[in-house]
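Structure data (compact mmCIF, C-alpha atoms) from model29.txt:
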```txt
# COMPACT_ATOMS: atom_id res chain seq x y z
CA MET A 1 25.58 -21.52 -37.14
CA MET A 2 28.18 -23.11 -39.42
CA MET A 3 30.66 -25.41 -37.72
CA GLU A 4 33.48 -27.14 -39.60
CA ALA A 5 36.60 -28.97 -38.47
CA SER A 6 39.67 -27.70 -40.25
CA PHE A 7 42.47 -29.90 -41.57
CA ASP A 8 45.88 -29.43 -43.07
CA THR A 9 45.28 -29.39 -46.83
CA GLU A 10 48.90 -30.09 -47.66
CA GLU A 11 48.91 -33.37 -45.74
CA SER A 12 45.60 -34.41 -47.29
CA PHE A 13 46.41 -34.37 -50.98
CA ASP A 14 50.13 -33.74 -51.48
CA ASP A 15 51.36 -37.20 -50.44
CA PRO A 16 52.13 -39.26 -53.60
CA SER A 17 50.70 -42.37 -51.94
CA CYS A 18 47.32 -40.67 -52.04
CA LEU A 19 47.33 -41.08 -55.83
CA ALA A 20 48.80 -44.57 -56.16
CA PRO A 21 46.59 -47.51 -57.34
CA GLN A 22 44.87 -49.32 -54.46
CA PRO A 23 43.36 -52.80 -54.23
CA PRO A 24 39.58 -52.86 -54.82
CA GLY A 25 37.57 -52.25 -51.68
CA SER A 26 40.49 -50.78 -49.75
CA VAL A 27 40.44 -47.31 -48.19
CA SER A 28 42.77 -44.91 -49.97
CA PRO A 29 45.57 -43.18 -47.99
CA ALA A 30 43.87 -39.83 -48.82
CA LYS A 31 40.66 -40.86 -47.11
CA ARG A 32 42.53 -42.59 -44.32
CA GLN A 33 44.59 -39.46 -43.64
CA ILE A 34 41.54 -37.23 -43.56
CA LYS A 35 39.92 -39.56 -41.04
CA GLU A 36 43.03 -39.70 -38.91
CA VAL A 37 43.60 -35.91 -38.73
CA LYS A 38 42.81 -34.78 -35.22
CA GLU A 39 40.37 -31.91 -35.12
CA THR A 40 42.09 -29.03 -33.36
CA LYS A 41 40.04 -26.10 -34.67
CA ILE A 42 36.40 -25.25 -35.22
CA THR A 43 34.77 -22.68 -37.46
CA ILE A 44 31.76 -20.88 -36.03
CA ASN A 45 29.89 -18.38 -38.20
CA CYS A 46 32.87 -18.27 -40.58
CA VAL A 47 35.40 -17.51 -37.81
CA THR A 48 37.98 -20.15 -36.91
CA PHE A 49 38.77 -20.89 -33.26
CA PRO A 50 40.98 -23.46 -31.50
CA LEU A 51 39.12 -26.26 -29.77
CA PRO A 52 39.34 -26.18 -25.97
CA GLY A 53 42.51 -27.84 -24.75
CA GLU A 54 44.10 -27.95 -28.19
CA GLY A 55 47.28 -26.07 -29.04
CA PRO A 56 49.12 -23.55 -26.86
CA GLU A 57 46.97 -21.64 -24.37
CA GLN A 58 46.06 -18.19 -25.65
CA GLN A 59 47.19 -15.27 -23.50
CA LEU A 60 44.97 -12.21 -23.05
CA LEU A 61 46.05 -9.20 -25.10
CA LYS A 62 45.65 -6.96 -22.03
CA PRO A 63 45.79 -9.17 -18.93
CA ASN A 64 43.97 -8.06 -15.76
CA GLU A 65 42.27 -5.11 -17.52
CA TRP A 66 39.01 -6.71 -18.67
CA SER A 67 39.64 -5.00 -21.97
CA TYR A 68 37.06 -5.07 -24.77
CA CYS A 69 39.72 -6.48 -27.12
CA ASP A 70 39.85 -9.75 -25.14
CA TYR A 71 36.24 -10.73 -24.56
CA PHE A 72 34.06 -10.12 -27.63
CA TRP A 73 35.33 -12.47 -30.34
CA THR A 74 32.45 -14.94 -30.52
CA ASP A 75 28.87 -14.22 -31.50
CA LYS A 76 26.14 -14.13 -28.88
CA LYS A 77 22.63 -15.54 -29.10
CA ASP A 78 19.89 -12.94 -28.76
CA PRO A 79 17.42 -13.39 -25.84
CA GLN A 80 15.03 -15.31 -28.11
CA GLY A 81 17.86 -17.55 -29.27
CA THR A 82 16.85 -17.18 -32.91
CA THR A 83 19.71 -15.10 -34.28
CA SER A 84 23.31 -14.39 -33.40
CA VAL A 85 24.61 -10.99 -32.41
CA ALA A 86 28.25 -10.29 -33.26
CA GLY A 87 30.52 -9.47 -30.34
CA PHE A 88 31.32 -6.13 -31.95
CA GLU A 89 27.59 -5.36 -32.13
CA VAL A 90 27.41 -5.87 -28.35
CA LEU A 91 30.12 -3.21 -27.94
CA LEU A 92 28.22 -0.80 -30.20
CA GLN A 93 25.02 -1.36 -28.22
CA LYS A 94 26.95 -0.48 -25.07
CA GLN A 95 27.92 2.85 -26.64
CA LEU A 96 24.32 3.58 -27.65
CA LYS A 97 23.07 2.64 -24.20
CA GLY A 98 25.67 4.95 -22.66
CA LYS A 99 24.43 7.79 -24.87
CA GLN A 100 20.85 7.10 -23.73
CA MET A 101 21.88 7.01 -20.05
CA GLN A 102 23.64 10.33 -20.48
CA LYS A 103 20.47 11.81 -22.00
CA GLU A 104 18.32 10.47 -19.16
CA MET A 105 20.70 11.91 -16.56
CA ALA A 106 20.33 15.31 -18.25
CA GLU A 107 16.54 14.92 -18.08
CA PHE A 108 16.82 14.10 -14.39
CA ILE A 109 18.88 17.23 -13.74
CA HIS A 110 16.34 19.24 -15.75
CA GLU A 111 13.57 18.03 -13.43
CA ARG A 112 15.75 18.99 -10.45
CA ILE A 113 16.13 22.47 -11.94
CA LYS A 114 12.35 22.84 -12.33
CA ILE A 115 11.88 21.92 -8.66
CA GLU A 116 14.49 24.50 -7.63
CA GLU A 117 12.87 27.19 -9.79
CA GLU A 118 9.42 26.45 -8.40
CA TYR A 119 10.79 26.40 -4.86
CA ALA A 120 12.54 29.74 -5.37
CA LYS A 121 9.35 31.25 -6.80
CA ASN A 122 7.29 30.09 -3.82
CA LEU A 123 9.89 31.29 -1.29
CA SER A 124 10.00 34.72 -2.91
CA LYS A 125 6.22 34.93 -2.91
CA LEU A 126 6.03 33.89 0.75
CA SER A 127 8.62 36.48 1.75
CA LEU A 128 6.14 39.19 0.69
CA SER A 129 3.36 37.82 2.88
CA PRO A 130 1.77 40.43 5.22
CA LEU A 131 1.24 37.81 7.91
CA ALA A 132 2.41 39.00 11.34
CA ALA A 133 3.65 42.22 9.78
CA GLN A 134 2.45 44.17 12.83
CA GLU A 135 4.73 42.36 15.26
CA GLU A 136 6.77 44.90 17.17
CA GLY A 137 10.00 45.31 19.07
CA THR A 138 12.99 43.04 18.93
CA LEU A 139 10.74 40.08 18.04
CA GLY A 140 9.27 42.13 15.19
CA GLU A 141 12.77 42.86 13.88
CA ALA A 142 13.64 39.14 13.99
CA TRP A 143 10.38 38.27 12.22
CA THR A 144 11.04 40.84 9.49
CA GLN A 145 14.55 39.47 9.00
CA LEU A 146 13.20 35.93 8.82
CA LYS A 147 10.84 36.92 5.99
CA LYS A 148 13.69 38.70 4.23
CA SER A 149 15.82 35.58 4.57
CA LEU A 150 13.20 33.74 2.51
CA HIS A 151 13.77 36.19 -0.31
CA ASP A 152 17.54 35.76 0.03
CA GLU A 153 17.14 31.99 0.09
CA ALA A 154 14.98 32.16 -3.03
CA GLU A 155 17.82 33.98 -4.79
CA VAL A 156 20.25 31.28 -3.69
CA HIS A 157 18.05 28.51 -5.10
CA LEU A 158 17.49 30.46 -8.32
CA LYS A 159 21.24 30.83 -8.79
CA PHE A 160 21.63 27.12 -7.99
CA SER A 161 19.13 26.21 -10.70
CA ASN A 162 20.88 28.46 -13.23
CA LYS A 163 24.26 26.91 -12.47
CA LEU A 164 22.77 23.43 -12.67
CA HIS A 165 21.60 24.25 -16.17
CA SER A 166 24.87 25.73 -17.41
CA GLU A 167 27.37 23.54 -15.52
CA VAL A 168 25.61 20.16 -15.37
CA GLU A 169 22.54 19.75 -17.58
CA LYS A 170 23.89 21.48 -20.70
CA PRO A 171 27.26 19.64 -20.70
CA LEU A 172 25.45 16.32 -20.32
CA LEU A 173 23.18 17.16 -23.24
CA THR A 174 25.87 18.44 -25.58
CA PHE A 175 28.57 15.83 -24.87
CA ARG A 176 28.97 13.90 -28.12
CA GLY A 177 26.30 15.40 -30.33
CA ASP A 178 24.51 13.99 -33.37
CA ASN A 179 27.77 13.07 -35.12
CA PHE A 180 28.47 10.45 -32.47
CA LYS A 181 25.90 8.00 -33.85
CA LYS A 182 27.23 8.60 -37.36
CA ASP A 183 30.74 7.73 -36.14
CA LEU A 184 29.41 4.54 -34.57
CA LYS A 185 27.77 3.60 -37.86
CA LYS A 186 31.11 4.02 -39.61
CA TYR A 187 32.68 1.59 -37.14
CA ASP A 188 29.75 -0.79 -37.61
CA HIS A 189 29.88 -0.72 -41.41
CA HIS A 190 33.66 -1.15 -41.45
CA ILE A 191 33.68 -4.24 -39.23
CA ALA A 192 30.54 -5.65 -40.88
CA ASP A 193 32.15 -5.32 -44.32
CA LEU A 194 35.22 -7.21 -43.12
CA ARG A 195 32.97 -9.89 -41.65
CA LYS A 196 31.14 -10.21 -44.98
CA GLN A 197 34.47 -10.58 -46.76
CA LEU A 198 35.41 -13.28 -44.28
CA ALA A 199 32.13 -15.12 -44.93
CA SER A 200 32.80 -14.92 -48.66
CA ARG A 201 36.32 -16.32 -48.22
CA TYR A 202 34.97 -19.10 -46.03
CA ALA A 203 32.41 -20.01 -48.69
CA GLY A 204 35.27 -20.16 -51.18
CA VAL A 205 37.20 -22.52 -48.91
CA GLU A 206 34.20 -24.82 -48.52
CA LYS A 207 33.61 -24.84 -52.26
CA ALA A 208 37.27 -25.66 -52.92
CA ARG A 209 37.21 -28.32 -50.19
CA LYS A 210 34.23 -30.01 -51.84
CA ALA A 211 35.86 -29.77 -55.27
CA LEU A 212 39.00 -31.48 -53.91
CA ALA A 213 36.94 -34.24 -52.31
CA ASP A 214 35.13 -34.80 -55.62
CA ARG A 215 38.42 -34.94 -57.56
CA GLN A 216 39.95 -37.37 -55.08
CA LYS A 217 36.88 -39.57 -55.27
CA ASP A 218 37.04 -39.51 -59.09
CA LEU A 219 40.73 -40.44 -58.94
CA GLU A 220 40.00 -43.32 -56.59
CA VAL A 221 37.24 -44.68 -58.87
CA LYS A 222 39.48 -44.55 -61.93
CA THR A 223 42.29 -46.22 -60.00
CA GLN A 224 39.98 -49.08 -59.08
CA GLN A 225 38.86 -49.36 -62.72
CA LEU A 226 42.50 -49.74 -63.77
CA GLU A 227 42.97 -52.56 -61.25
CA ILE A 228 40.10 -54.56 -62.70
CA LYS A 229 40.89 -53.43 -66.28
CA LEU A 230 37.42 -52.12 -67.08
CA SER A 231 38.76 -49.65 -69.64
CA ASN A 232 41.83 -49.22 -71.84
CA LYS A 233 41.56 -45.47 -71.40
CA THR A 234 41.63 -45.65 -67.64
CA GLU A 235 45.39 -44.99 -67.40
CA GLU A 236 45.02 -41.77 -69.37
CA ASP A 237 41.99 -40.90 -67.32
CA ILE A 238 44.01 -41.40 -64.14
CA LYS A 239 46.63 -38.93 -65.32
CA LYS A 240 43.89 -36.39 -66.00
CA ALA A 241 42.23 -37.08 -62.67
CA ARG A 242 45.58 -36.75 -60.90
CA ARG A 243 46.20 -33.34 -62.53
CA LYS A 244 42.71 -32.17 -61.61
CA SER A 245 43.11 -33.41 -58.05
CA THR A 246 46.44 -31.61 -57.74
CA GLN A 247 44.88 -28.44 -59.17
CA ALA A 248 41.96 -28.74 -56.76
CA GLY A 249 44.46 -29.06 -53.90
CA ASP A 250 46.30 -25.95 -55.07
CA ASP A 251 42.98 -24.10 -55.31
CA LEU A 252 42.07 -25.12 -51.77
CA MET A 253 45.42 -23.94 -50.41
CA ARG A 254 44.99 -20.63 -52.21
CA CYS A 255 41.44 -20.22 -50.81
CA VAL A 256 42.60 -21.08 -47.28
CA ASP A 257 45.43 -18.56 -47.59
CA LEU A 258 43.02 -15.85 -48.73
CA TYR A 259 40.65 -16.76 -45.88
CA ASN A 260 43.45 -16.54 -43.30
CA GLN A 261 44.58 -13.17 -44.67
CA THR A 262 41.01 -11.82 -44.45
CA GLN A 263 40.52 -13.20 -40.94
CA SER A 264 43.82 -11.63 -39.88
CA LYS A 265 42.70 -8.27 -41.23
CA TRP A 266 39.37 -8.60 -39.42
CA PHE A 267 41.20 -9.55 -36.22
CA GLU A 268 43.49 -6.50 -36.39
CA GLU A 269 40.60 -4.13 -37.05
CA MET A 270 38.55 -5.69 -34.24
CA VAL A 271 41.39 -5.10 -31.78
CA THR A 272 41.93 -1.51 -32.93
CA THR A 273 38.26 -0.57 -33.08
CA SER A 274 37.27 -2.25 -29.82
CA MET A 275 40.09 -0.36 -28.10
CA GLU A 276 38.74 2.88 -29.54
CA LEU A 277 35.27 2.06 -28.22
CA GLU A 278 36.79 1.23 -24.84
CA LYS A 279 38.50 4.62 -24.79
CA LEU A 280 35.21 6.33 -25.68
CA GLU A 281 33.47 4.59 -22.78
CA VAL A 282 36.18 5.67 -20.33
CA GLU A 283 35.83 9.26 -21.57
CA ARG A 284 32.03 9.11 -21.17
CA ILE A 285 32.21 7.82 -17.60
CA GLU A 286 34.86 10.36 -16.59
CA TRP A 287 32.88 13.20 -18.20
CA ILE A 288 29.72 12.29 -16.32
CA GLN A 289 31.66 11.79 -13.10
CA GLN A 290 33.17 15.26 -13.46
CA HIS A 291 29.80 16.95 -13.92
CA LEU A 292 28.00 14.98 -11.23
CA ARG A 293 30.77 16.05 -8.86
CA GLN A 294 30.07 19.60 -9.99
CA TYR A 295 26.45 18.99 -8.98
CA THR A 296 27.52 18.02 -5.45
CA THR A 297 29.85 21.04 -5.27
CA LEU A 298 27.01 23.37 -6.22
CA ARG A 299 24.76 21.64 -3.73
CA HIS A 300 27.29 22.19 -0.92
CA GLU A 301 27.62 25.84 -1.97
CA THR A 302 23.85 26.21 -1.85
CA ASP A 303 23.75 24.84 1.67
CA MET A 304 26.50 27.25 2.67
CA PHE A 305 24.70 30.25 1.14
CA ASN A 306 21.41 29.16 2.70
CA GLN A 307 23.14 29.04 6.05
CA SER A 308 24.37 32.60 5.52
CA THR A 309 20.78 33.79 4.90
CA VAL A 310 19.63 32.58 8.32
CA GLU A 311 22.63 33.82 10.28
CA PRO A 312 21.20 37.37 10.63
CA VAL A 313 17.92 35.80 11.77
CA ASP A 314 19.78 33.76 14.39
CA GLN A 315 21.55 36.87 15.63
CA LEU A 316 18.34 38.88 15.94
CA LEU A 317 16.57 35.99 17.66
CA GLN A 318 19.37 35.88 20.22
CA ASN A 319 18.75 39.58 20.85
CA VAL A 320 15.04 39.22 21.40
CA ASP A 321 14.32 40.73 24.84
CA PRO A 322 10.78 40.48 26.21
CA GLY A 323 11.54 43.21 28.75
CA LYS A 324 12.77 45.64 26.11
CA ASP A 325 9.84 44.83 23.84
CA ARG A 326 7.49 45.55 26.74
CA GLU A 327 9.27 48.85 27.41
CA LEU A 328 9.02 49.96 23.83
CA TRP A 329 5.40 48.96 23.57
CA VAL A 330 4.42 50.60 26.79
CA LYS A 331 6.19 53.87 25.86
CA GLU A 332 4.33 53.94 22.58
CA ASN A 333 0.94 52.85 23.79
CA LYS A 334 0.72 53.96 27.44
CA THR A 335 -2.48 55.72 28.44
CA GLY A 336 -1.28 57.17 31.73
CA GLU A 337 0.99 56.37 34.57
CA VAL A 338 -0.96 58.01 37.42
CA ARG A 339 -2.59 55.24 39.42
CA PRO A 340 -6.00 55.50 41.08
CA VAL A 341 -6.20 56.37 44.82
CA ASP A 342 -8.93 55.99 47.47
CA MET A 343 -11.79 58.42 47.41
CA ASP A 344 -12.05 60.90 50.33
CA ILE A 345 -15.38 61.57 52.24
```

Please go through the file and, once you have read it, give me the structure as structure tokens.
Amino acid sequence: MMMEASFDTEESFDDPSCLAPQPPGSVSPAKRQIKEVKETKITINCVTFPLPGEGPEQQLLKPNEWSYCDYFWTDKKDPQGTTSVAGFEVLLQKQLKGKQMQKEMAEFIHERIKIEEEYAKNLSKLSLSPLAAQEEGTLGEAWTQLKKSLHDEAEVHLKFSNKLHSEVEKPLLTFRGDNFKKDLKKYDHHIADLRKQLASRYAGVEKARKALADRQKDLEVKTQQLEIKLSNKTEEDIKKARRKSTQAGDDLMRCVDLYNQTQSKWFEEMVTTSMELEKLEVERIEWIQQHLRQYTTLRHETDMFNQSTVEPVDQLLQNVDPGKDRELWVKENKTGEVRPVDMDI
């Protein structure tokens, strides 16, 4: 992790007193100014942030919304703490995780469908069972209707499984197909490229900062040499050193300007792209919500249809009459109604 305190380059090398001859052993105004500049910013992984409590308090871009564009600017240590994960990468991982959760929900619904299909198959098979087929009378009619209701219920569950496939499982599977990951990669590459450009600009700033420090040090040495008259050429050397120091200062300002422009571009694209990812996540959640609600609707319909299959059974069970059943059975199976009498002598 690279951490650097920033300072105002103009104040550091543009003051004429920075270049004036100084008594031997004294600290030059240039160095003194650099030491006295209060650190108000910090650069972490090539991104510049204000130090806590310094400068005006930043306001959230979208207050009270917990928006992606407000909370993913810094890098995050991975669980092992060895490498940093960019905030934007965290947002991308959320999208990929959402895609995986959607796939797993579809798998869950598929398993539910298989259970319904197996249940319907077993109900249909049981409805054809010959068990108690010889029951007679009103109870026999109720029993026959009960077995038929199993067949009707099997049809209900089969239709339920078919609707689950077409109205829940399939939409979950097909929502955002293979192109979705390709689109995420485009976002990733775009932001990563901007971050690389920012790192390159930052390296340029650091190089220019070092070059300026070297030029200022050279100027200070030559100024001291003039004071103690070590060389007749020192005055000319000072003029050269002054020009080089000024040029180094101009180079640093140019590099800082380019860095700030690149960081601004990265900032704008981060806001725009993170908002797009936020919108995608809202769409995903609402899509899944819609189709899980469809699941509950189908489930309620299934209960209603199942209830309708047993209503005829209920009605026939209410009409079961032991007396009538006995009458019907006796009429069909009687062997004689003349009763025995006493024998005569």

Note to self: I need the residue nearest A:Cys69 from this list: A:Met270, A:Ile238, A:Val221, A:Ala133. Use only C-alpha atoms for the distance.
What the structure shows: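 Smallest separation from A:Cys69 among the options: A:Met270.
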
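Interatomic distance, atom CA of A:Arg326 against atom CA of A:Gln145: 20.0 Å.
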
Check: Using all atoms listed in the file, which of the listed residues (A:Asp193, A:Asp218, A:Glu141, A:Glu116) sits closest to A:Ser161?
Finding: A:Glu116

Note to self: Measuring between all atoms listed in the file, which one of A:Tyr187, A:Leu328, A:Arg176, A:Leu126 shows the shortest distance to A:Thr273?
What the structure shows: A:Tyr187

Notebook entry, point to check: Between atom CA of A:His189 and atom CA of A:Trp73, what is the spacing in Å?
Noted result: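 If I compute the distance from atom CA of A:Trp73 to atom CA of A:His189, I get 17.0 Å.
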
List as a PDB file with C-alpha atoms, in the coordinates of the input the protein and nucleic acid residues near A:Ala132, meaning an atom at most 10 Å away when all atoms listed in the file are counted, but skip any in the same chain fewer than 4 places from it.
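What follows is the written file out.pdb:
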```pdb
ATOM      1  CA  GLU A 136       6.770  44.900  17.170  1.00  0.00           C
ATOM      2  CA  GLY A 140       9.270  42.130  15.190  1.00  0.00           C
ATOM      3  CA  TRP A 143      10.380  38.270  12.220  1.00  0.00           C
ATOM      4  CA  THR A 144      11.040  40.840   9.490  1.00  0.00           C
TER       5      THR A 144
END
```

Quick one: contact table of stretch 186-246 of chain A to stretch 84-105 of chain A, 10 Å max, nearest atom pair and distance in Å to one decimal per residue, counting all atoms listed in the file, chain and number order, as JSON lines?
```
{"residue": "A:Tyr187", "atom": "CA", "partner": "A:Leu92", "partner_atom": "CA", "distance": 8.6}
{"residue": "A:Asp188", "atom": "CA", "partner": "A:Glu89", "partner_atom": "CA", "distance": 7.5}
{"residue": "A:Ile191", "atom": "CA", "partner": "A:Phe88", "partner_atom": "CA", "distance": 7.9}
{"residue": "A:Ala192", "atom": "CA", "partner": "A:Phe88", "partner_atom": "CA", "distance": 9.0}
{"residue": "A:Arg195", "atom": "CA", "partner": "A:Ala86", "partner_atom": "CA", "distance": 9.6}
```

Margin query: Under the rule that only C-alpha atoms are counted, which of A:Cys255, A:Gln58, A:His165, A:Asp75 is the nearest residue to A:Glu206?
Written below: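 Result for the nearest residue to A:Glu206: A:Cys255.
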
Notebook entry, point to check: Taking (35.3, -16.6, -52.3) in the file's coordinates, which residues come within 12 Å, counting all atoms listed in the file, written as a VMD selection string?
Noted result: chain A and resid 196 to 208 251 to 252 254 to 259 262

Check: Which of these residues is nearest to A:Leu219, using only C-alpha atoms: A:Trp66, A:Ile109, A:Glu235, A:Lys185?
Finding: A:Glu235

Next item on the list: Tell me which protein, DNA and RNA residues are within 9 Å of A:His291, counting all atoms listed in the file, leaving out same-chain ones fewer than 3 positions away, and put them as a PyMOL selection string.
Entry: chain A and resi 167-169+171-172+286-288+294-296

Checklist line | Selection: 12 Å around A:Gly323, all atoms listed in the file, excl. self and same-chain fewer than 6 positions, as a list in words | finding: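 In the requested format, the answer is Gly137, Thr138, Leu139, Trp329 and Val330 of chain A.
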
Check: How far is it from atom CA of A:Thr74 to atom CA of A:Lys186, in Å with one decimal?
Finding: 21.1 Å

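Checking A:Glu220, A:Glu327, A:Glu39, A:Glu107 one by one against A:Gly55, counting all atoms listed in the file, you find the shortest gap at A:Glu39.
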
Enclose all atoms of stretch 284-291 of chain A listed in the file in an axis-aligned box, grow every side by 5 Å, and hand back centre and edge lengths in Å to one decimal, as JSON.
```
{"center_x": 32.3, "center_y": 12.4, "center_z": -17.1, "size_x": 15.1, "size_y": 19.1, "size_z": 18.1}
```

Note to self: Using all atoms listed in the file and a cutoff of 10 Å, can you tell me which residues are near (42.2, -37.8, -63.6) in the file's coordinates, and write them out as a PyMOL selection string?
What the structure shows: chain A and resi 19+215-216+218-223+234-246
